[in-house]
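Source file: query-v9.txt. Holds: compact mmCIF, C-alpha atoms.
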# COMPACT_ATOMS: atom_id res chain seq x y z
CA MET A 1 20.59 -46.93 6.25
CA LYS A 2 21.57 -45.28 2.95
CA LYS A 3 17.92 -45.12 1.88
CA PHE A 4 17.02 -43.49 5.17
CA LYS A 5 19.75 -40.85 4.79
CA GLY A 6 18.65 -40.26 1.21
CA SER A 7 15.05 -39.66 2.33
CA ILE A 8 16.20 -37.20 4.98
CA SER A 9 18.34 -35.35 2.41
CA ILE A 10 15.40 -35.08 0.02
CA LEU A 11 13.18 -33.67 2.78
CA VAL A 12 15.84 -31.10 3.71
CA VAL A 13 16.26 -30.01 0.08
CA LEU A 14 12.48 -29.69 -0.38
CA PHE A 15 12.18 -27.65 2.82
CA LEU A 16 14.92 -25.25 1.70
CA PHE A 17 13.40 -24.99 -1.79
CA PHE A 18 9.92 -24.05 -0.57
CA SER A 19 11.35 -21.68 2.05
CA ILE A 20 13.37 -19.80 -0.56
CA ALA A 21 10.42 -19.81 -2.98
CA SER A 22 8.12 -18.33 -0.35
CA LEU A 23 10.67 -15.60 0.45
CA ILE A 24 11.01 -14.72 -3.23
CA ASN A 25 7.24 -14.63 -3.61
CA THR A 26 6.70 -12.31 -0.66
CA ASN A 27 9.31 -9.86 -1.92
CA VAL A 28 8.02 -9.46 -5.47
CA SER A 29 7.52 -5.74 -6.11
CA ALA A 30 4.79 -3.99 -8.02
CA ARG A 31 7.29 -3.35 -10.79
CA GLY A 32 7.34 -7.05 -11.69
CA ASN A 33 3.57 -7.30 -11.69
CA PRO A 34 2.11 -4.63 -13.95
CA GLN A 35 -1.49 -4.08 -12.99
CA SER A 36 -2.70 -3.72 -16.55
CA ASP A 37 -1.45 -3.76 -20.11
CA ASN A 38 -3.91 -0.97 -20.84
CA PRO A 39 -1.71 2.02 -21.85
CA VAL A 40 -4.12 4.50 -20.23
CA ALA A 41 -3.91 2.67 -16.90
CA GLN A 42 -0.14 2.32 -17.21
CA GLY A 43 0.16 6.03 -17.96
CA ALA A 44 -2.06 6.88 -14.99
CA GLN A 45 0.15 4.82 -12.68
CA LEU A 46 3.24 6.55 -14.07
CA TYR A 47 1.54 9.88 -13.34
CA ASP A 48 0.89 8.65 -9.79
CA ASP A 49 4.45 7.46 -9.13
CA TRP A 50 6.64 6.45 -12.06
CA SER A 51 9.37 5.13 -9.75
CA GLN A 52 7.01 2.28 -8.79
CA VAL A 53 6.32 1.37 -12.43
CA VAL A 54 9.57 1.71 -14.36
CA PRO A 55 11.84 -1.35 -13.84
CA ASN A 56 15.13 -0.59 -12.10
CA SER A 57 14.23 3.08 -11.89
CA SER A 58 16.13 5.45 -9.66
CA VAL A 59 14.80 8.79 -8.44
CA PRO A 60 17.52 11.43 -8.67
CA PRO A 61 18.83 12.69 -5.34
CA GLY A 62 17.47 15.92 -3.97
CA ASP A 63 14.51 17.92 -5.25
CA ASN A 64 13.22 18.18 -8.80
CA LEU A 65 15.01 21.05 -10.58
CA ILE A 66 11.77 23.02 -11.06
CA TRP A 67 10.72 22.59 -7.43
CA SER A 68 12.58 25.73 -6.32
CA ARG A 69 10.18 27.81 -8.43
CA GLN A 70 7.62 27.52 -5.65
CA THR A 71 7.96 28.08 -1.91
CA ASN A 72 4.55 27.11 -0.51
CA ASN A 73 4.82 23.32 -0.64
CA THR A 74 7.34 21.96 1.86
CA ARG A 75 7.70 18.45 0.44
CA THR A 76 11.20 17.35 -0.45
CA GLY A 77 13.08 14.59 -2.22
CA ALA A 78 11.39 11.81 -4.20
CA ASP A 79 7.88 13.29 -3.87
CA THR A 80 8.94 16.33 -5.88
CA TRP A 81 9.61 14.10 -8.92
CA ARG A 82 6.05 12.74 -9.11
CA CYS A 83 3.69 14.25 -11.69
CA VAL A 84 0.78 14.26 -9.25
CA THR A 85 2.71 16.36 -6.71
CA CYS A 86 2.84 19.26 -9.14
CA HIS A 87 -0.35 18.86 -11.13
CA GLY A 88 -2.71 17.28 -8.59
CA TRP A 89 -5.04 14.29 -8.51
CA ASP A 90 -7.56 16.41 -10.42
CA TYR A 91 -4.88 17.26 -13.04
CA GLN A 92 -5.59 20.99 -12.68
CA GLY A 93 -2.61 22.19 -10.64
CA LYS A 94 -2.99 25.75 -9.41
CA GLU A 95 -6.44 25.96 -11.01
CA GLY A 96 -7.88 23.02 -9.08
CA ALA A 97 -7.75 21.40 -5.63
CA PHE A 98 -4.05 22.29 -5.28
CA LYS A 99 -4.63 26.01 -5.73
CA SER A 100 -4.27 26.60 -1.98
CA GLY A 101 -3.26 24.87 1.22
CA ALA A 102 -0.25 22.69 2.02
CA ASN A 103 -0.39 20.97 -1.40
CA ALA A 104 -0.35 24.18 -3.43
CA THR A 105 2.60 24.42 -5.81
CA GLY A 106 1.61 27.03 -8.40
CA PHE A 107 2.25 24.67 -11.29
CA PRO A 108 -0.20 24.65 -14.22
CA SER A 109 -3.10 22.41 -15.17
CA ILE A 110 -2.54 19.71 -17.78
CA LEU A 111 -6.20 19.47 -18.86
CA GLN A 112 -5.51 21.58 -21.92
CA ASP A 113 -2.71 19.21 -22.96
CA SER A 114 -5.28 16.50 -23.68
CA THR A 115 -5.95 18.18 -27.03
CA LEU A 116 -2.32 17.87 -28.16
CA ASP A 117 -1.05 15.05 -30.33
CA GLN A 118 1.21 12.28 -29.01
CA SER A 119 4.48 13.76 -30.23
CA ALA A 120 3.74 17.20 -28.75
CA ILE A 121 3.03 15.71 -25.30
CA ILE A 122 6.18 13.57 -25.44
CA SER A 123 8.15 16.69 -26.38
CA ILE A 124 6.85 18.46 -23.25
CA LEU A 125 7.77 15.44 -21.09
CA SER A 126 11.24 15.43 -22.67
CA GLY A 127 11.99 19.07 -21.92
CA GLY A 128 11.02 20.50 -25.31
CA ASN A 129 9.22 23.46 -23.71
CA ASP A 130 11.29 23.60 -20.54
CA PRO A 131 14.76 21.99 -20.22
CA GLN A 132 14.20 21.43 -16.49
CA HIS A 133 11.07 19.39 -17.24
CA ASP A 134 13.02 16.64 -19.01
CA PHE A 135 12.07 13.11 -17.92
CA SER A 136 13.48 11.37 -21.01
CA SER A 137 16.48 10.02 -19.09
CA LEU A 138 14.24 8.58 -16.34
CA LEU A 139 11.44 7.07 -18.42
CA ARG A 140 11.58 4.63 -21.32
CA ILE A 141 10.03 5.53 -24.66
CA GLU A 142 7.10 3.21 -23.91
CA ASP A 143 6.58 5.04 -20.60
CA LEU A 144 6.51 8.40 -22.37
CA ASN A 145 4.00 6.99 -24.87
CA ASN A 146 1.79 5.61 -22.08
CA LEU A 147 1.89 8.91 -20.19
CA ALA A 148 0.91 10.76 -23.35
CA THR A 149 -1.92 8.29 -23.98
CA PHE A 150 -3.20 8.82 -20.44
CA ILE A 151 -3.12 12.60 -20.82
CA GLN A 152 -4.98 12.36 -24.13
CA ASN A 153 -7.60 9.79 -23.11
CA GLY A 154 -7.66 9.39 -19.35
CA ILE A 155 -7.79 12.74 -17.59
CA LEU A 156 -11.22 14.25 -16.91
CA ASP A 157 -12.52 17.47 -15.41
CA ASP A 158 -14.27 15.96 -12.39
CA ASN A 159 -14.36 19.30 -10.56
CA GLN A 160 -17.64 20.06 -12.28
CA PHE A 161 -19.11 17.15 -10.30
CA ILE A 162 -17.37 17.77 -6.95
CA ASP A 163 -18.12 20.68 -4.64
CA SER A 164 -14.90 22.66 -4.18
CA VAL A 165 -15.64 23.49 -0.53
CA SER A 166 -17.14 20.31 0.93
CA ARG A 167 -15.30 18.02 -1.52
CA LYS A 168 -18.50 16.01 -1.79
CA VAL A 169 -19.74 14.56 -5.07
CA ILE A 170 -22.64 16.82 -5.99
CA SER A 171 -24.92 14.03 -7.15
CA GLY A 172 -24.62 10.35 -7.89
CA ASN A 173 -26.40 7.03 -7.99
CA ILE A 174 -25.80 5.60 -4.53
CA GLN A 175 -27.23 2.19 -5.40
CA ASN A 176 -24.94 1.82 -8.42
CA GLY A 177 -22.01 2.91 -6.26
CA LYS A 178 -22.93 0.34 -3.61
CA ASN A 179 -23.26 -2.43 -6.18
CA LYS A 180 -19.87 -1.62 -7.66
CA TYR A 181 -18.25 -1.33 -4.23
CA ASP A 182 -19.75 -4.53 -2.84
CA GLY A 183 -18.93 -6.50 -5.98
CA THR A 184 -15.35 -5.31 -6.43
CA CYS A 185 -13.95 -3.39 -3.47
CA ALA A 186 -15.45 -4.85 -0.30
CA SER A 187 -13.50 -8.12 -0.45
CA CYS A 188 -10.28 -6.22 0.40
CA HIS A 189 -11.46 -2.95 1.96
CA GLY A 190 -14.26 -4.51 4.02
CA ALA A 191 -17.97 -3.83 3.88
CA ASP A 192 -17.45 -0.63 5.87
CA GLY A 193 -14.13 0.40 4.25
CA THR A 194 -12.06 0.01 7.40
CA ALA A 195 -10.16 -3.20 6.58
CA LEU A 196 -7.27 -1.21 5.07
CA THR A 197 -5.88 2.16 6.08
CA PHE A 198 -4.31 4.95 4.04
CA ARG A 199 -1.76 7.62 4.83
CA TYR A 200 -3.16 11.12 4.50
CA GLU A 201 -1.35 14.18 5.81
CA GLY A 202 0.68 11.98 8.15
CA THR A 203 -2.34 10.13 9.57
CA ASN A 204 -3.83 6.69 9.02
CA ILE A 205 -7.40 7.02 7.76
CA SER A 206 -10.14 4.72 6.51
CA LEU A 207 -11.47 4.52 2.96
CA GLY A 208 -14.55 6.57 3.85
CA THR A 209 -12.36 9.33 5.26
CA LEU A 210 -10.17 9.28 2.15
CA ALA A 211 -13.27 9.64 -0.04
CA VAL A 212 -14.25 12.78 1.87
CA GLN A 213 -10.78 14.28 2.29
CA ASP A 214 -9.37 13.54 -1.16
CA PRO A 215 -12.06 12.35 -3.62
CA TRP A 216 -9.75 13.06 -6.60
CA ARG A 217 -7.11 10.61 -5.37
CA PHE A 218 -9.90 8.11 -4.67
CA LEU A 219 -11.23 8.55 -8.21
CA HIS A 220 -7.84 8.31 -9.92
CA ARG A 221 -6.89 5.04 -8.25
CA THR A 222 -10.38 3.56 -8.52
CA ARG A 223 -10.32 4.12 -12.26
CA PHE A 224 -6.68 3.32 -13.01
CA GLY A 225 -5.24 1.44 -10.03
CA THR A 226 -1.89 1.96 -8.38
CA ALA A 227 1.43 0.23 -8.88
CA ARG A 228 1.76 0.09 -5.10
CA ALA A 229 -1.04 -2.50 -5.01
CA PRO A 230 -0.88 -4.51 -8.25
CA GLU A 231 -3.57 -6.91 -7.08
CA MET A 232 -6.18 -4.14 -7.01
CA PRO A 233 -8.91 -4.36 -9.72
CA ILE A 234 -9.19 -1.19 -11.77
CA GLY A 235 -12.21 0.45 -13.30
CA VAL A 236 -11.03 0.80 -16.89
CA ASN A 237 -10.43 -2.96 -17.05
CA LEU A 238 -13.92 -3.59 -15.67
CA ASN A 239 -15.48 -1.30 -18.28
CA TRP A 240 -16.58 1.18 -15.62
CA THR A 241 -17.72 4.50 -17.02
CA PRO A 242 -16.46 7.79 -15.52
CA GLN A 243 -19.87 8.10 -13.83
CA ASP A 244 -19.44 4.66 -12.25
CA GLY A 245 -16.29 5.94 -10.53
CA LEU A 246 -18.13 9.01 -9.28
CA ASP A 247 -20.98 6.80 -8.02
CA VAL A 248 -18.52 4.71 -5.99
CA VAL A 249 -17.07 7.86 -4.40
CA TYR A 250 -20.60 9.13 -3.78
CA TYR A 251 -21.48 5.88 -2.02
CA ALA A 252 -18.26 5.91 0.03
CA GLN A 253 -18.77 9.52 1.13
CA ASN A 254 -22.35 8.98 2.21
CA SER A 255 -22.41 5.39 3.48
CA LEU A 256 -18.99 4.41 4.83
CA PRO A 257 -17.72 5.57 8.22
CA THR A 258 -15.34 8.48 7.96
CA GLY A 259 -12.74 7.12 10.37
CA PHE A 260 -12.12 4.65 13.13
CA GLU A 261 -14.49 5.62 15.90
CA VAL A 262 -13.14 4.43 19.24
CA ALA A 263 -15.66 3.72 21.99
CA GLN A 264 -15.17 5.96 25.00
CA THR A 265 -15.00 4.16 28.31
CA THR A 266 -14.85 5.55 31.83
CA PRO A 267 -11.39 4.99 33.31
CA GLN A 268 -11.53 2.49 36.18
CA GLU A 269 -9.69 3.05 39.40
CA ILE A 270 -6.70 0.75 39.73
CA LEU A 271 -6.42 -0.50 43.30
CA PRO A 272 -3.03 -1.44 44.75
CA VAL A 273 -2.50 -5.12 45.55
CA ASN A 274 -0.10 -6.76 47.93
CA ASN A 275 2.99 -8.11 46.25
CA GLN A 276 2.78 -11.90 46.45
CA GLY A 277 6.20 -12.49 44.95
CA GLY A 278 9.53 -10.77 45.04
CA PRO A 279 12.64 -11.56 47.04
CA ALA A 280 12.52 -13.63 50.20
CA LYS A 281 12.05 -11.65 53.34
CA ASN A 282 13.74 -14.11 55.75
CA MET A 283 15.98 -17.21 55.83
CA PHE A 284 13.10 -19.73 55.94
CA THR A 285 11.32 -18.32 52.89
CA GLY A 286 14.68 -18.05 51.14
CA ILE A 287 15.33 -21.78 51.66
CA LEU A 288 11.83 -22.62 50.37
CA THR A 289 12.38 -20.44 47.31
CA ALA A 290 15.69 -22.16 46.55
CA PHE A 291 14.15 -25.64 46.83
CA GLY A 292 11.26 -24.54 44.59
CA ALA A 293 13.65 -23.31 41.93
CA MET A 294 15.65 -26.53 42.09
CA ALA A 295 12.51 -28.63 41.74
CA THR A 296 11.36 -26.61 38.76
CA SER A 297 14.73 -26.94 37.06
CA LEU A 298 14.89 -30.66 37.79
CA GLY A 299 11.40 -31.19 36.40
CA PHE A 300 12.30 -29.42 33.20
CA ALA A 301 15.50 -31.44 32.85
CA VAL A 302 13.60 -34.71 33.33
CA LEU A 303 11.03 -33.76 30.71
CA PHE A 304 13.73 -32.66 28.27
CA GLY A 305 15.71 -35.86 28.81
CA ALA A 306 12.63 -38.00 28.31
CA ALA A 307 11.81 -36.20 25.06
CA LEU A 308 15.39 -36.62 23.82
CA ILE A 309 15.39 -40.36 24.62
CA GLY A 310 12.05 -40.73 22.83
CA ILE A 311 13.47 -39.09 19.70
CA ILE A 312 16.55 -41.34 19.76
CA LEU A 313 14.38 -44.47 20.13
CA LEU A 314 12.18 -43.34 17.26
CA LEU A 315 15.22 -42.82 14.99
CA VAL A 316 16.61 -46.25 15.92
CA TRP A 317 13.24 -47.86 15.13
CA LEU A 318 13.07 -46.10 11.76
CA ILE A 319 16.62 -47.20 10.87
CA ARG A 320 15.92 -50.82 11.77
CA SER A 321 12.68 -50.75 9.85
CA ARG A 322 14.55 -49.61 6.76
CA GLN A 323 17.18 -52.34 7.17
CA SER A 324 14.67 -55.18 7.65

If you convert what's in this file into structure tokens, what do you get?
Amino acid sequence: MKKFKGSISILVVLFLFFSIASLINTNVSARGNPQSDNPVAQGAQLYDDWSQVVPNSSVPPGDNLIWSRQTNNTRTGADTWRCVTCHGWDYQGKEGAFKSGANATGFPSILQDSTLDQSAIISILSGGNDPQHDFSSLLRIEDLNNLATFIQNGILDDNQFIDSVSRKVISGNIQNGKNKYDGTCASCHGADGTALTFRYEGTNISLGTLAVQDPWRFLHRTRFGTARAPEMPIGVNLNWTPQDGLDVVYYAQNSLPTGFEVAQTTPQEILPVNNQGGPAKNMFTGILTAFGAMATSLGFAVLFGAALIGIILLLVWLIRSRQS
């Protein structure tokens, strides 16, 4: 009997252990799983959203202090503390894709900062040029170094390869883009790019639509990944060239569907049907309904009782087997 109780206790402990382990595993955040030790990729993810990269980070309440210098962009709160919100996915701020429209902020390009040395860039990030642009209390020194490394070695002027009106890649190698997509991206995004959706201007869109609507965001995350999806392979770790990234966007824009097309069907007329159930309409049907309910309840009770007796007999057999 003691052996039997011991076995049951072990099973219970193992069940609780694996249950807790699975819960811990499913709640691991991107912060605990850095996508790459490459400082350029780390800096690019900080540029995207540093609050998802820096351990135990906390975005200050309210808007960024410099946000009140512009009135066109209506975003508020945590978004106003992200580098990309001010300077754009093409890194050119008011001189690039964010020069007009809902995303326009009037903040400058950072392309020219790529020529500065590490200490000068860190000084800018720490409020050296503007006290309200001080991120030194929010980012660690290694984060500031990674951001500076990204600005020096990661940002590119892709607008020379993307049409400013259509947002289409002007030219690319579609076969190379397909090969790269099929070999790296399709396993998660699907062969047609519709396996995962993305939020864009408050709407869920497919990968093909994202490539057309925001090719700069597509390029940035294809090359450097995102801390929001640490399992995603990233181009710089796969030795993709800048042109490889453009080829993938070119393929996505020209070969993937640009949304979830829903088949249109002709509405069918719904005909009324006679109600076959509902409350009894006279005493006789009421009596029949009552007897039916009793029979159903009795049948369930019999089945439940039989199952309970079977379990008890099985436990008794197991106990006796252990004792013998």

>> Quick one: residues within 12 Å of His189 in chain A, all atoms listed in the file, excluding same-chain residues fewer than 2 positions away - as JSON, numbers by chain?
In response: {"A": [181, 182, 183, 184, 185, 186, 187, 191, 192, 193, 194, 195, 196, 197, 198, 206, 207, 208, 232, 252, 256]}

>> Taking all atoms listed in the file into account, name the residue in A:Phe218, A:Tyr200, A:Tyr250, A:Trp50 that is nearest to Asp163 in chain A.
In response: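 With all atoms listed in the file as the atom set, the closest residue is A:Tyr250.
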
> Can you tell me, as a ChimeraX atom specification, what residues are no more than 10 Å from range 57-67 of chain A when counting only C-alpha atoms, ignoring any on the same chain fewer than 6 positions away?
Replying inline: /A:31,50-51,73-82,86,105,107,130-134,138-140

>> Using all atoms listed in the file for the distances, tell me which of A:Ile121, A:Val165, A:Leu314, A:Ile155 is nearest to Pro242 in chain A.
In response: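 Going through A:Ile121, A:Val165, A:Leu314, A:Ile155 one by one, the smallest distance to Pro242 in chain A is for A:Ile155.
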
>> At a cut-off of 8 Å, using only C-alpha atoms, what residues contact Leu147 in chain A? Leave out same-chain residues fewer than 3 positions from it and give the result as a list of chain:residue names.
In response: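 Non-adjacent residues within range: A:Pro39, A:Val40, A:Gln42, A:Gly43, A:Ala44, A:Leu46, A:Tyr47, A:Asp143, A:Leu144, A:Phe150, A:Ile151.
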
>> Considering only C-alpha atoms, can you say which of A:Ile311, A:Ile162, A:Ile174, A:Ile234 comes closest to Asn254 in chain A?
In response: A:Ile174

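Nearest residue to Pro215 in chain A, choosing from A:Val84, A:Leu238, A:Val248, A:Ile309 and counting all atoms listed in the file: A:Val248.
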
> What lies within 10 Å of Asp48 in chain A using only C-alpha atoms, ignoring chain neighbours under 5 positions off, as an NGL selection string?
Replying inline: :A and (42-43 or 53 or 82-85 or 88-89 or 217 or 220-221 or 224-228)

>> Let me make sure I understand: among A:Glu201, A:Asp37, A:Asp157, A:Asp49, which one has the smallest atom-to-atom distance to Ala102 in chain A if we use only C-alpha atoms?
In response: A:Glu201
